[in-house]
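Pasting run-v2.txt here (compact mmCIF, C-alpha atoms and all ligand atoms):
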```txt
# COMPACT_ATOMS: atom_id res chain seq x y z
CA MET C 1 -14.78 -25.44 21.72
CA GLY C 2 -16.53 -22.08 21.51
CA ILE C 3 -16.42 -19.58 24.38
CA GLN C 4 -19.08 -17.19 25.66
CA ILE C 5 -18.82 -13.92 23.73
CA LYS C 6 -21.51 -11.26 24.04
CA LYS C 7 -19.88 -8.10 22.80
CA VAL C 8 -17.13 -7.67 20.24
CA GLY C 9 -15.10 -4.50 19.68
CA ILE C 10 -13.85 -3.58 16.21
CA LEU C 11 -11.16 -1.07 15.30
CA THR C 12 -9.54 0.12 12.07
CA GLY C 13 -5.95 1.39 12.18
CA GLY C 14 -3.34 2.80 9.79
CA GLY C 15 -4.05 4.48 6.46
CA ASP C 16 -7.65 4.11 5.32
CA CYS C 17 -8.35 1.73 2.49
CA PRO C 18 -11.31 0.89 0.23
CA GLY C 19 -13.08 -2.13 1.72
CA LEU C 20 -12.72 -1.31 5.43
CA ASN C 21 -16.46 -0.80 5.71
CA SER C 22 -17.03 -4.02 3.75
CA VAL C 23 -15.10 -5.96 6.41
CA LEU C 24 -17.10 -4.20 9.08
CA TYR C 25 -20.36 -5.16 7.42
CA GLY C 26 -19.25 -8.80 7.06
CA ILE C 27 -18.50 -8.89 10.79
CA MET C 28 -21.83 -7.24 11.64
CA LEU C 29 -23.85 -9.64 9.49
CA LYS C 30 -22.41 -12.70 11.21
CA ALA C 31 -22.48 -11.10 14.66
CA TYR C 32 -26.15 -10.23 14.29
CA ASP C 33 -26.95 -13.75 13.21
CA ALA C 34 -25.07 -15.15 16.23
CA GLY C 35 -26.75 -12.72 18.65
CA ILE C 36 -23.56 -10.79 19.39
CA GLU C 37 -23.36 -7.05 19.90
CA CYS C 38 -20.76 -5.01 17.96
CA VAL C 39 -19.04 -1.93 19.36
CA GLY C 40 -17.04 0.38 17.11
CA ILE C 41 -13.78 1.65 18.60
CA LEU C 42 -12.96 4.99 16.99
CA LYS C 43 -9.61 6.12 15.55
CA GLY C 44 -7.74 2.82 15.84
CA TRP C 45 -5.55 2.25 18.90
CA LYS C 46 -6.11 5.86 19.97
CA GLY C 47 -9.80 5.17 20.63
CA PHE C 48 -8.91 1.88 22.32
CA MET C 49 -6.70 3.72 24.82
CA GLU C 50 -9.09 6.65 25.24
CA ASN C 51 -12.37 4.71 25.38
CA LEU C 52 -13.81 6.30 22.23
CA THR C 53 -16.62 4.00 21.13
CA ILE C 54 -19.87 3.98 19.18
CA PRO C 55 -22.62 1.37 19.06
CA LEU C 56 -22.84 -0.48 15.74
CA ASP C 57 -26.44 -1.29 14.95
CA ILE C 58 -26.64 -3.14 11.64
CA ALA C 59 -30.17 -1.83 11.01
CA GLU C 60 -28.64 1.63 10.57
CA HIS C 61 -25.97 0.60 8.08
CA ASP C 62 -27.62 -1.05 5.10
CA ASP C 63 -25.09 -1.91 2.37
CA LEU C 64 -22.18 -0.54 4.34
CA HIS C 65 -19.91 -2.79 2.25
CA THR C 66 -20.35 -0.44 -0.74
CA VAL C 67 -19.08 2.64 1.10
CA GLY C 68 -15.44 3.82 0.91
CA GLY C 69 -13.28 4.85 3.88
CA THR C 70 -14.10 3.70 7.41
CA ILE C 71 -17.02 4.83 9.55
CA LEU C 72 -14.83 4.07 12.59
CA TYR C 73 -12.20 6.64 11.58
CA THR C 74 -8.56 5.64 11.75
CA SER C 75 -5.20 6.81 13.09
CA ARG C 76 -1.58 5.75 13.10
CA THR C 77 -1.40 5.90 16.91
CA ASN C 78 1.12 3.39 18.20
CA PRO C 79 0.35 2.43 21.83
CA PHE C 80 3.91 1.14 22.26
CA LYS C 81 5.58 4.39 21.24
CA GLY C 82 8.13 5.43 23.85
CA VAL C 83 7.23 2.65 26.33
CA GLU C 84 10.01 0.84 28.16
CA SER C 85 8.41 -2.57 28.41
CA LYS C 86 6.23 -3.72 25.56
CA GLU C 87 5.14 -6.75 27.60
CA GLU C 88 3.98 -4.65 30.53
CA LYS C 89 2.14 -2.22 28.21
CA ALA C 90 0.48 -5.12 26.40
CA ARG C 91 -0.77 -6.51 29.73
CA GLN C 92 -2.10 -3.06 30.72
CA LEU C 93 -3.84 -2.64 27.37
CA THR C 94 -5.50 -6.03 27.66
CA LYS C 95 -7.18 -4.81 30.85
CA LYS C 96 -8.94 -2.20 28.69
CA PHE C 97 -11.23 -4.95 27.42
CA ASP C 98 -13.17 -4.78 30.72
CA GLU C 99 -13.30 -0.98 30.69
CA LEU C 100 -14.62 -1.02 27.13
CA GLY C 101 -17.05 -3.79 28.03
CA ILE C 102 -15.89 -6.05 25.19
CA ASP C 103 -15.22 -9.79 25.28
CA ALA C 104 -13.13 -9.87 22.13
CA LEU C 105 -11.51 -7.48 19.68
CA ILE C 106 -11.25 -7.57 15.89
CA THR C 107 -8.42 -5.37 14.61
CA ILE C 108 -8.40 -4.40 10.97
CA GLY C 109 -5.09 -2.96 9.85
CA GLY C 110 -1.70 -3.28 8.23
CA ASP C 111 1.49 -4.78 9.65
CA ASP C 112 1.76 -2.04 12.29
CA THR C 113 -1.81 -2.32 13.65
CA LEU C 114 -1.77 -6.12 13.52
CA GLY C 115 1.67 -6.19 15.14
CA VAL C 116 0.17 -4.41 18.17
CA ALA C 117 -2.70 -6.94 18.19
CA ASP C 118 -0.17 -9.77 18.14
CA SER C 119 1.67 -8.33 21.18
CA LEU C 120 -1.63 -8.04 23.07
CA TYR C 121 -2.29 -11.68 22.34
CA LYS C 122 1.25 -12.84 23.12
CA PHE C 123 1.90 -10.87 26.30
CA GLY C 124 -1.63 -10.16 27.56
CA ASN C 125 -3.42 -13.28 26.32
CA ALA C 126 -5.99 -10.90 24.81
CA LYS C 127 -8.92 -12.30 22.85
CA VAL C 128 -7.95 -10.62 19.63
CA VAL C 129 -8.07 -11.53 15.94
CA GLY C 130 -6.85 -9.62 12.89
CA VAL C 131 -7.92 -8.73 9.37
CA PRO C 132 -5.08 -7.71 7.00
CA LYS C 133 -5.64 -4.34 5.34
CA THR C 134 -3.52 -2.13 3.14
CA ILE C 135 -3.61 -0.80 -0.38
CA ASP C 136 0.13 -1.62 -0.45
CA ASN C 137 -0.47 -5.44 -0.40
CA ASP C 138 2.74 -5.90 1.58
CA ILE C 139 1.48 -8.29 4.28
CA ALA C 140 3.09 -11.73 4.05
CA GLY C 141 0.25 -13.85 5.43
CA THR C 142 -2.22 -13.23 2.62
CA HIS C 143 -2.05 -13.36 -1.16
CA TYR C 144 -4.01 -10.10 -1.40
CA THR C 145 -5.18 -7.50 1.06
CA PHE C 146 -8.54 -5.85 0.36
CA GLY C 147 -8.15 -2.34 -1.03
CA PHE C 148 -5.18 -3.28 -3.19
CA TRP C 149 -7.11 -3.91 -6.40
CA SER C 150 -9.23 -0.76 -6.00
CA ALA C 151 -6.02 1.26 -5.67
CA VAL C 152 -4.40 -0.53 -8.62
CA GLN C 153 -7.44 0.29 -10.75
CA LEU C 154 -7.39 3.97 -9.78
CA ALA C 155 -3.67 4.27 -10.51
CA SER C 156 -3.99 2.33 -13.75
CA ASN C 157 -6.86 4.57 -14.92
CA THR C 158 -4.79 7.69 -14.21
CA LEU C 159 -1.74 6.29 -15.99
CA ASP C 160 -4.00 5.49 -18.97
CA ASN C 161 -5.60 8.92 -18.93
CA LEU C 162 -2.29 10.75 -18.72
CA THR C 163 -1.30 9.36 -22.10
CA THR C 164 -3.67 11.74 -23.90
CA THR C 165 -2.13 14.87 -22.42
CA ALA C 166 1.38 13.36 -22.69
CA HIS C 167 0.66 12.66 -26.36
CA SER C 168 -0.75 16.14 -27.06
CA HIS C 169 2.31 17.88 -25.60
CA GLN C 170 4.88 15.23 -26.53
CA ARG C 171 5.94 15.11 -22.91
CA VAL C 172 7.52 12.77 -20.41
CA PHE C 173 5.39 12.18 -17.31
CA VAL C 174 6.90 10.78 -14.13
CA VAL C 175 4.02 9.43 -12.07
CA GLU C 176 4.55 8.67 -8.38
CA VAL C 177 2.57 5.78 -6.96
CA MET C 178 2.02 5.01 -3.25
CA GLY C 179 3.17 1.80 -1.56
CA ARG C 180 5.89 2.81 0.88
CA ASP C 181 8.83 0.39 0.43
CA ALA C 182 6.86 -2.25 -1.50
CA GLY C 183 6.36 -2.10 -5.26
CA PHE C 184 3.11 -4.03 -5.76
CA LEU C 185 0.94 -0.99 -6.52
CA THR C 186 3.41 0.48 -9.02
CA MET C 187 4.19 -2.84 -10.66
CA TYR C 188 0.57 -3.91 -11.15
CA SER C 189 -0.81 -0.51 -12.18
CA GLY C 190 2.23 0.17 -14.35
CA ILE C 191 1.94 -3.12 -16.23
CA SER C 192 -1.84 -2.78 -16.45
CA ALA C 193 -1.58 0.66 -18.08
CA GLY C 194 1.49 -0.20 -20.17
CA ALA C 195 3.78 2.35 -18.52
CA ASP C 196 7.04 2.77 -20.43
CA ILE C 197 9.38 2.56 -17.43
CA ILE C 198 8.39 1.03 -14.08
CA LEU C 199 10.55 1.72 -11.00
CA ILE C 200 9.99 -0.20 -7.77
CA PRO C 201 11.85 -0.29 -4.43
CA GLU C 202 12.66 -4.00 -4.74
CA THR C 203 14.90 -3.37 -7.76
CA PRO C 204 16.88 -0.16 -7.11
CA PHE C 205 17.27 1.72 -10.38
CA ASP C 206 20.20 3.11 -12.31
CA LEU C 207 19.36 6.60 -13.58
CA GLU C 208 21.61 6.26 -16.58
CA LYS C 209 20.70 2.75 -17.68
CA ASP C 210 17.08 2.36 -16.55
CA ILE C 211 15.79 5.84 -17.40
CA ILE C 212 18.06 7.98 -19.58
CA ASP C 213 19.18 5.21 -21.96
CA VAL C 214 15.63 3.88 -22.25
CA LEU C 215 14.22 7.34 -23.01
CA LYS C 216 16.91 7.88 -25.67
CA LYS C 217 16.19 4.52 -27.27
CA ARG C 218 12.45 5.13 -27.16
CA VAL C 219 12.69 8.57 -28.75
CA ASP C 220 15.00 7.15 -31.44
CA ALA C 221 12.48 4.38 -32.08
CA GLY C 222 9.85 7.00 -32.81
CA TYR C 223 8.00 7.36 -29.51
CA LYS C 224 6.79 10.90 -28.92
CA TYR C 225 5.69 10.62 -25.29
CA HIS C 226 6.70 8.50 -22.32
CA ILE C 227 5.08 7.51 -19.05
CA ILE C 228 7.36 6.57 -16.15
CA ALA C 229 5.62 4.95 -13.18
CA THR C 230 7.72 5.21 -10.02
CA SER C 231 7.01 3.95 -6.52
CA GLU C 232 7.23 6.64 -3.88
CA GLY C 233 9.82 4.33 -2.30
CA ALA C 234 11.87 3.60 -5.43
CA TYR C 235 15.53 4.16 -4.64
CA PRO C 236 18.47 4.58 -6.98
CA LYS C 237 21.33 2.11 -6.70
CA LEU C 238 24.04 3.55 -4.50
CA GLU C 239 26.47 3.53 -7.45
CA SER C 240 24.03 5.53 -9.57
CA LEU C 241 23.16 7.86 -6.68
CA ASN C 242 26.84 8.74 -6.24
CA ARG C 243 27.61 8.91 -9.97
CA ASP C 244 24.51 10.38 -11.63
CA PHE C 245 22.54 12.44 -9.13
CA LYS C 246 23.12 16.16 -8.76
CA THR C 247 20.11 17.14 -6.64
CA ILE C 248 20.18 14.54 -3.83
CA SER C 249 22.73 12.38 -2.00
CA LYS C 250 22.60 9.34 0.27
CA GLU C 251 22.21 11.64 3.30
CA THR C 252 18.98 13.04 1.84
CA ILE C 253 17.49 9.56 1.90
CA ASP C 254 18.98 8.60 5.27
CA LYS C 255 17.63 11.75 6.90
CA LEU C 256 13.98 11.08 6.03
CA PRO C 257 11.59 11.61 8.95
CA LYS C 258 9.83 8.52 10.37
CA ASP C 259 6.23 7.80 11.37
CA THR C 260 5.23 6.63 14.89
CA TYR C 261 6.06 3.04 13.93
CA GLY C 262 9.51 4.05 12.70
CA ASN C 263 8.77 3.73 8.96
CA PRO C 264 10.58 6.34 6.82
CA LEU C 265 8.08 8.76 5.28
CA LEU C 266 9.10 8.02 1.71
CA ALA C 267 6.57 10.35 0.14
CA LYS C 268 8.46 13.26 1.71
CA LEU C 269 11.36 12.53 -0.62
CA GLY C 270 9.29 13.25 -3.72
CA MET C 271 10.98 10.73 -6.01
CA SER C 272 8.99 11.81 -9.10
CA ARG C 273 10.12 15.42 -8.70
CA ILE C 274 13.72 14.35 -8.08
CA ILE C 275 13.72 12.31 -11.30
CA VAL C 276 12.26 15.26 -13.24
CA ASP C 277 14.92 17.60 -11.80
CA GLU C 278 17.69 15.16 -12.69
CA LEU C 279 16.41 14.63 -16.24
CA ASN C 280 16.12 18.38 -16.77
CA LEU C 281 19.83 18.69 -16.02
CA ARG C 282 20.78 16.29 -18.80
CA ASP C 283 21.76 18.10 -22.01
CA ASP C 284 22.58 14.81 -23.76
CA LEU C 285 18.98 13.69 -23.25
CA LYS C 286 17.60 16.97 -24.54
CA GLU C 287 19.85 16.70 -27.62
CA GLU C 288 18.60 13.19 -28.36
CA PHE C 289 15.02 14.46 -28.22
CA GLN C 290 15.94 17.45 -30.44
CA LYS C 291 17.46 15.10 -33.03
CA ASN C 292 13.98 13.58 -33.26
CA ASP C 293 12.28 16.99 -33.48
CA ILE C 294 10.92 16.91 -29.96
CA ASP C 295 11.49 19.54 -27.27
CA PHE C 296 12.28 17.69 -24.07
CA GLU C 297 9.56 18.48 -21.52
CA CYS C 298 9.06 16.54 -18.35
CA ARG C 299 6.41 16.78 -15.62
CA SER C 300 5.78 14.97 -12.36
CA VAL C 301 2.40 13.82 -11.05
CA VAL C 302 1.94 12.49 -7.52
CA LEU C 303 -1.10 10.21 -7.29
CA GLY C 304 -0.98 10.31 -3.49
CA HIS C 305 -4.24 9.89 -1.61
CA THR C 306 -6.36 9.77 -4.76
CA MET C 307 -5.29 6.11 -4.76
CA ARG C 308 -7.15 5.39 -1.52
CA ALA C 309 -10.16 7.51 -2.39
CA GLY C 310 -13.68 6.52 -3.33
CA THR C 311 -15.64 3.30 -3.13
CA PRO C 312 -14.11 -0.18 -3.12
CA ASN C 313 -14.34 -2.12 -6.37
CA SER C 314 -16.38 -5.33 -6.49
CA PHE C 315 -13.38 -7.56 -5.74
CA ASP C 316 -12.57 -5.61 -2.57
CA ARG C 317 -16.22 -5.44 -1.47
CA ILE C 318 -16.50 -9.19 -1.67
CA LEU C 319 -13.06 -9.90 -0.20
CA GLY C 320 -13.85 -7.45 2.63
CA LEU C 321 -17.17 -9.17 3.38
CA ARG C 322 -15.51 -12.60 3.30
CA PHE C 323 -12.72 -11.44 5.62
CA GLY C 324 -15.29 -9.91 8.01
CA LEU C 325 -17.37 -13.09 8.06
CA ALA C 326 -14.28 -15.25 8.65
CA ALA C 327 -12.95 -12.95 11.40
CA MET C 328 -16.25 -13.14 13.27
CA LYS C 329 -16.13 -16.92 12.96
CA LEU C 330 -12.64 -16.95 14.51
CA VAL C 331 -14.08 -15.03 17.45
CA LEU C 332 -17.04 -17.43 17.76
CA ASN C 333 -14.68 -20.41 17.69
CA GLY C 334 -12.28 -18.84 20.19
CA GLU C 335 -9.40 -18.97 17.70
CA PHE C 336 -7.61 -15.90 19.03
CA GLY C 337 -4.14 -14.72 18.05
CA ASN C 338 -4.93 -15.42 14.41
CA MET C 339 -5.74 -13.42 11.34
CA VAL C 340 -7.82 -14.21 8.30
CA SER C 341 -6.04 -14.53 4.99
CA LEU C 342 -6.66 -15.14 1.31
CA GLN C 343 -4.80 -18.18 -0.06
CA GLY C 344 -5.67 -18.76 -3.69
CA ASN C 345 -9.41 -18.20 -3.60
CA LYS C 346 -9.90 -19.66 -0.12
CA ILE C 347 -10.16 -17.77 3.15
CA LYS C 348 -7.71 -19.36 5.60
CA THR C 349 -6.38 -18.63 9.07
CA VAL C 350 -2.75 -17.84 9.95
CA PRO C 351 -1.17 -16.87 13.29
CA LEU C 352 -0.90 -13.10 13.62
CA SER C 353 2.82 -13.44 14.34
CA GLU C 354 3.39 -15.08 10.95
CA GLY C 355 0.83 -13.13 8.98
CA VAL C 356 2.00 -9.64 9.88
CA LYS C 357 5.47 -10.08 8.41
CA LYS C 358 6.22 -7.82 5.47
CA LYS C 359 6.09 -9.03 1.89
CA TYR C 360 7.86 -7.65 -1.18
CA ILE C 361 7.98 -8.47 -4.87
CA THR C 362 10.57 -11.25 -5.20
CA PRO C 363 12.82 -11.93 -8.22
CA GLU C 364 10.90 -15.07 -9.23
CA ASN C 365 7.59 -13.15 -9.42
CA ASP C 366 6.55 -13.31 -13.10
CA LYS C 367 5.62 -9.61 -13.00
CA MET C 368 9.36 -8.83 -12.88
CA GLU C 369 9.92 -10.51 -16.24
CA LEU C 370 6.73 -9.03 -17.68
CA ARG C 371 7.81 -5.54 -16.68
CA ASP C 372 11.26 -5.94 -18.20
CA LEU C 373 9.85 -7.31 -21.46
CA LEU C 374 7.18 -4.63 -21.64
CA VAL C 375 9.75 -1.88 -21.26
CA LYS C 376 12.37 -3.34 -23.61
CA ILE C 377 10.55 -5.09 -26.43
CA ARG C 378 8.49 -2.09 -27.48
CA TYR C 379 11.48 0.07 -28.40
CA LEU C 380 13.64 -2.84 -29.56
CA SER C 381 10.99 -4.06 -31.99
CA LYS C 382 10.74 -0.60 -33.58
CA GLN C 383 14.42 0.28 -33.74
CA LYS C 384 15.35 1.89 -37.04
O1 LIG P 1 0.28 2.25 3.76
C1 LIG P 1 -0.70 2.84 2.97
C2 LIG P 1 -0.25 4.16 2.45
O2 LIG P 1 -1.26 4.66 1.61
C3 LIG P 1 1.11 4.15 1.75
O3 LIG P 1 1.02 3.68 0.44
C4 LIG P 1 1.50 5.60 1.88
O4 LIG P 1 2.89 5.78 1.86
C5 LIG P 1 0.98 5.97 3.22
O5 LIG P 1 -0.09 5.10 3.51
C6 LIG P 1 0.48 7.40 3.31
O6 LIG P 1 0.14 7.65 4.62
P1 LIG P 1 -0.65 8.93 5.11
O7 LIG P 1 -2.10 8.75 4.77
O8 LIG P 1 -0.43 8.93 6.57
O9 LIG P 1 -0.09 10.12 4.38
```
How does the structure come out when it is put into structure tokens?
Ligand code: F6P
Amino acid sequence: MGIQIKKVGILTGGGDCPGLNSVLYGIMLKAYDAGIECVGILKGWKGFMENLTIPLDIAEHDDLHTVGGTILYTSRTNPFKGVESKEEKARQLTKKFDELGIDALITIGGDDTLGVADSLYKFGNAKVVGVPKTIDNDIAGTHYTFGFWSAVQLASNTLDNLTTTAHSHQRVFVVEVMGRDAGFLTMYSGISAGADIILIPETPFDLEKDIIDVLKKRVDAGYKYHIIATSEGAYPKLESLNRDFKTISKETIDKLPKDTYGNPLLAKLGMSRIIVDELNLRDDLKEEFQKNDIDFECRSVVLGHTMRAGTPNSFDRILGLRFGLAAMKLVLNGEFGNMVSLQGNKIKTVPLSEGVKKKYITPENDKMELRDLLVKIRYLSKQK
């Protein structure tokens, strides 16, 4: 049974992501058709708490689905930060619906933003639904988040492009890819561009075996340049950290600062630079390169926010529109406490509490085997 909804609030939280505006436009299309007014809540949960809103008139936003970023702005504000009782805070926050003049709320965000939405639903019985967003693709309830494939394409293009300069200088490039503690972005862009070594958080690496040995074998097999794709959150195995690393220790990793949701700020570690520093200390590696008439030279490149920049690709525009349409339908049908999700090629509904769980690349994922073959078979097949 539907319920009477006249005005719906929409907010975008967490890191921005190509396709946010596409979701917004999908919501606005359906809302207009159903005679419902849309209100934009600015800067994620910050704007929700501080009553920062703008009217969203679809007539003023033709083709919004093609535009990158979010016209609602975003923030990583966590309304539960420092509060004693999450339940009490959630009940208080739900009262904001009246102040904001909204009958329902659509939250578009990653596990953190949607986790807050879930608490509002659970403890405050708020009329809230969610749309999963992140370039990292690490949300369990959906096969893909919008924004992921745009970011993969950008990273893959850069990895491709770097090969020309790597080739010209006969260099090693260590390229750092976003994704926090999940390896989807690095794995997919690395495989797509044919990176020579791919390091992801899900499979902690051994400096000696996974990097130095591979580089030696590659240079002996005749390769003159090498591209290493590393997740910003790729960690060495503890054994390798203690045995091989001269520039960092376990404390360096443990002492990383955290964001307002308590996630370690992995980019602060600078894994690509650490790998370069470690490789530069290895005389045996330099000698192996010299034996093959190559001066060992290694550079790091951090892709950083270039991966979230620009317009969404066609896949993300369409997925964003579909998610927006489906989210508005959840509101119309009174199916609160849920989020939209992509399962195969179908848009489905899952409870927020289930959907927001984190997802990682698992051992049975065929990309694991592909990566390992891609790295190994190229040098093995050319060994002298
Ligand atoms: O979660 C998305 C993401 O882009 C991560 O890949 C990255 O670690 C983080 O956000 C960067 O956050 P910020 O924009 O706050 O620097």
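When all atoms listed in the file are used to measure the gap to ligand LIG 1 (chain P), the shortest distance among C:Phe146, C:Phe315, C:Phe245, C:Tyr225 belongs to C:Phe146.
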Please list, as a list in words, the residues that have an atom at most 10 Å away from (-4.6, -2.9, -9.9) in the coordinates of this file, counting all atoms listed in the file.
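Taken together, the residues in range are Ile135, Gly147, Phe148, Trp149, Ser150, Ala151, Val152, Gln153, Leu154, Ala155, Ser156, Asn157, Phe184, Leu185, Thr186, Met187, Tyr188, Ser189, Gly190, Ile191, Ser192 and Ala193 of chain C.
For the set C:Cys17, C:Leu105, C:Ala166, C:Ile41, the residue with the smallest atom-to-atom gap to ligand LIG 1 (chain P) is C:Cys17, counting all atoms listed in the file.
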Enumerate residues in contact with ligand LIG 1 (chain P): an atom-to-atom distance of at most 7 Å, counting all atoms listed in the file. Format the result as a PyMOL selection string.
chain C and resi 15+134-136+178-180+265-267+305+308
With only C-alpha atoms as the basis for distance, which of C:Thr230, C:Thr349, C:Asn365, C:Thr113 is at the shortest distance from Leu330 in chain C?
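Among the listed residues, the smallest separation from Leu330 in chain C belongs to C:Thr349.
Shortest atom-to-atom contact with Lys346 in chain C among C:Lys246, C:Lys382, C:His143, C:Arg317: C:His143, counting only C-alpha atoms.
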Using only C-alpha atoms, pick whichever of C:Asn338, C:Asn161, C:Gln290, C:Thr94 has the shortest atom-to-atom distance to Val350 in chain C.
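Under the stated criterion, the closest residue is C:Asn338.
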Using only C-alpha atoms, which residue out of C:Ile106, C:Val219, C:Ile248, C:Ala90 lies closest to Ala326 in chain C?
C:Ile106
Exercise: residues within 10 Å of coordinate (-17.1, -11.9, 1.1), counting only C-alpha atoms, as a PyMOL selection string
chain C and resi 22-23+25-26+65+315-326+347
Between CA of Gly355 in chain C and CA of Ile10 in chain C, what is the spacing in Å?
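A separation of 18.9 Å between them.
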Have range 227-244 of chain C completed to N, CA, C and O atoms, please, and pass it along as a PDB file, keeping the file's coordinate frame.
```
ATOM      1  N   ILE C 227       5.638   7.516 -20.406  1.00  0.00           N
ATOM      2  CA  ILE C 227       5.080   7.510 -19.050  1.00  0.00           C
ATOM      3  C   ILE C 227       5.997   6.660 -18.162  1.00  0.00           C
ATOM      4  O   ILE C 227       6.216   5.479 -18.443  1.00  0.00           O
ATOM      5  N   ILE C 228       6.522   7.296 -17.116  1.00  0.00           N
ATOM      6  CA  ILE C 228       7.360   6.570 -16.150  1.00  0.00           C
ATOM      7  C   ILE C 228       6.541   6.421 -14.866  1.00  0.00           C
ATOM      8  O   ILE C 228       6.112   7.416 -14.288  1.00  0.00           O
ATOM      9  N   ALA C 229       6.313   5.174 -14.452  1.00  0.00           N
ATOM     10  CA  ALA C 229       5.620   4.950 -13.180  1.00  0.00           C
ATOM     11  C   ALA C 229       6.693   4.660 -12.128  1.00  0.00           C
ATOM     12  O   ALA C 229       7.492   3.735 -12.295  1.00  0.00           O
ATOM     13  N   THR C 230       6.723   5.456 -11.073  1.00  0.00           N
ATOM     14  CA  THR C 230       7.720   5.210 -10.020  1.00  0.00           C
ATOM     15  C   THR C 230       7.042   5.065  -8.656  1.00  0.00           C
ATOM     16  O   THR C 230       6.151   5.839  -8.311  1.00  0.00           O
ATOM     17  N   SER C 231       7.476   4.077  -7.903  1.00  0.00           N
ATOM     18  CA  SER C 231       7.010   3.950  -6.520  1.00  0.00           C
ATOM     19  C   SER C 231       7.529   5.140  -5.736  1.00  0.00           C
ATOM     20  O   SER C 231       8.647   5.607  -5.981  1.00  0.00           O
ATOM     21  N   GLU C 232       6.739   5.562  -4.750  1.00  0.00           N
ATOM     22  CA  GLU C 232       7.230   6.640  -3.880  1.00  0.00           C
ATOM     23  C   GLU C 232       8.503   6.184  -3.155  1.00  0.00           C
ATOM     24  O   GLU C 232       9.335   6.998  -2.769  1.00  0.00           O
ATOM     25  N   GLY C 233       8.649   4.854  -3.013  1.00  0.00           N
ATOM     26  CA  GLY C 233       9.820   4.330  -2.300  1.00  0.00           C
ATOM     27  C   GLY C 233      10.906   3.791  -3.208  1.00  0.00           C
ATOM     28  O   GLY C 233      11.806   3.094  -2.744  1.00  0.00           O
ATOM     29  N   ALA C 234      10.822   4.076  -4.514  1.00  0.00           N
ATOM     30  CA  ALA C 234      11.870   3.600  -5.430  1.00  0.00           C
ATOM     31  C   ALA C 234      13.175   4.334  -5.107  1.00  0.00           C
ATOM     32  O   ALA C 234      13.186   5.551  -4.956  1.00  0.00           O
ATOM     33  N   TYR C 235      14.231   3.567  -4.984  1.00  0.00           N
ATOM     34  CA  TYR C 235      15.530   4.160  -4.640  1.00  0.00           C
ATOM     35  C   TYR C 235      16.483   3.921  -5.799  1.00  0.00           C
ATOM     36  O   TYR C 235      16.441   2.870  -6.423  1.00  0.00           O
ATOM     37  N   PRO C 236      17.400   4.875  -6.020  1.00  0.00           N
ATOM     38  CA  PRO C 236      18.470   4.580  -6.980  1.00  0.00           C
ATOM     39  C   PRO C 236      19.478   3.631  -6.355  1.00  0.00           C
ATOM     40  O   PRO C 236      19.615   3.582  -5.128  1.00  0.00           O
ATOM     41  N   LYS C 237      20.199   2.900  -7.193  1.00  0.00           N
ATOM     42  CA  LYS C 237      21.330   2.110  -6.700  1.00  0.00           C
ATOM     43  C   LYS C 237      22.357   3.088  -6.148  1.00  0.00           C
ATOM     44  O   LYS C 237      22.521   4.191  -6.708  1.00  0.00           O
ATOM     45  N   LEU C 238      23.077   2.654  -5.126  1.00  0.00           N
ATOM     46  CA  LEU C 238      24.040   3.550  -4.500  1.00  0.00           C
ATOM     47  C   LEU C 238      25.052   4.077  -5.535  1.00  0.00           C
ATOM     48  O   LEU C 238      25.393   5.266  -5.574  1.00  0.00           O
ATOM     49  N   GLU C 239      25.486   3.167  -6.408  1.00  0.00           N
ATOM     50  CA  GLU C 239      26.470   3.530  -7.450  1.00  0.00           C
ATOM     51  C   GLU C 239      25.910   4.656  -8.336  1.00  0.00           C
ATOM     52  O   GLU C 239      26.604   5.630  -8.636  1.00  0.00           O
ATOM     53  N   SER C 240      24.649   4.525  -8.709  1.00  0.00           N
ATOM     54  CA  SER C 240      24.030   5.530  -9.570  1.00  0.00           C
ATOM     55  C   SER C 240      23.792   6.823  -8.787  1.00  0.00           C
ATOM     56  O   SER C 240      23.993   7.924  -9.313  1.00  0.00           O
ATOM     57  N   LEU C 241      23.393   6.676  -7.528  1.00  0.00           N
ATOM     58  CA  LEU C 241      23.160   7.860  -6.680  1.00  0.00           C
ATOM     59  C   LEU C 241      24.452   8.697  -6.618  1.00  0.00           C
ATOM     60  O   LEU C 241      24.422   9.915  -6.817  1.00  0.00           O
ATOM     61  N   ASN C 242      25.562   8.025  -6.367  1.00  0.00           N
ATOM     62  CA  ASN C 242      26.840   8.740  -6.240  1.00  0.00           C
ATOM     63  C   ASN C 242      27.312   9.294  -7.589  1.00  0.00           C
ATOM     64  O   ASN C 242      27.869  10.380  -7.667  1.00  0.00           O
ATOM     65  N   ARG C 243      27.056   8.538  -8.654  1.00  0.00           N
ATOM     66  CA  ARG C 243      27.610   8.910  -9.970  1.00  0.00           C
ATOM     67  C   ARG C 243      26.718   9.903 -10.723  1.00  0.00           C
ATOM     68  O   ARG C 243      27.203  10.895 -11.285  1.00  0.00           O
ATOM     69  N   ASP C 244      25.388   9.651 -10.711  1.00  0.00           N
ATOM     70  CA  ASP C 244      24.510  10.380 -11.630  1.00  0.00           C
ATOM     71  C   ASP C 244      23.718  11.533 -11.017  1.00  0.00           C
ATOM     72  O   ASP C 244      23.262  12.417 -11.736  1.00  0.00           O
TER      73      ASP C 244
END
```
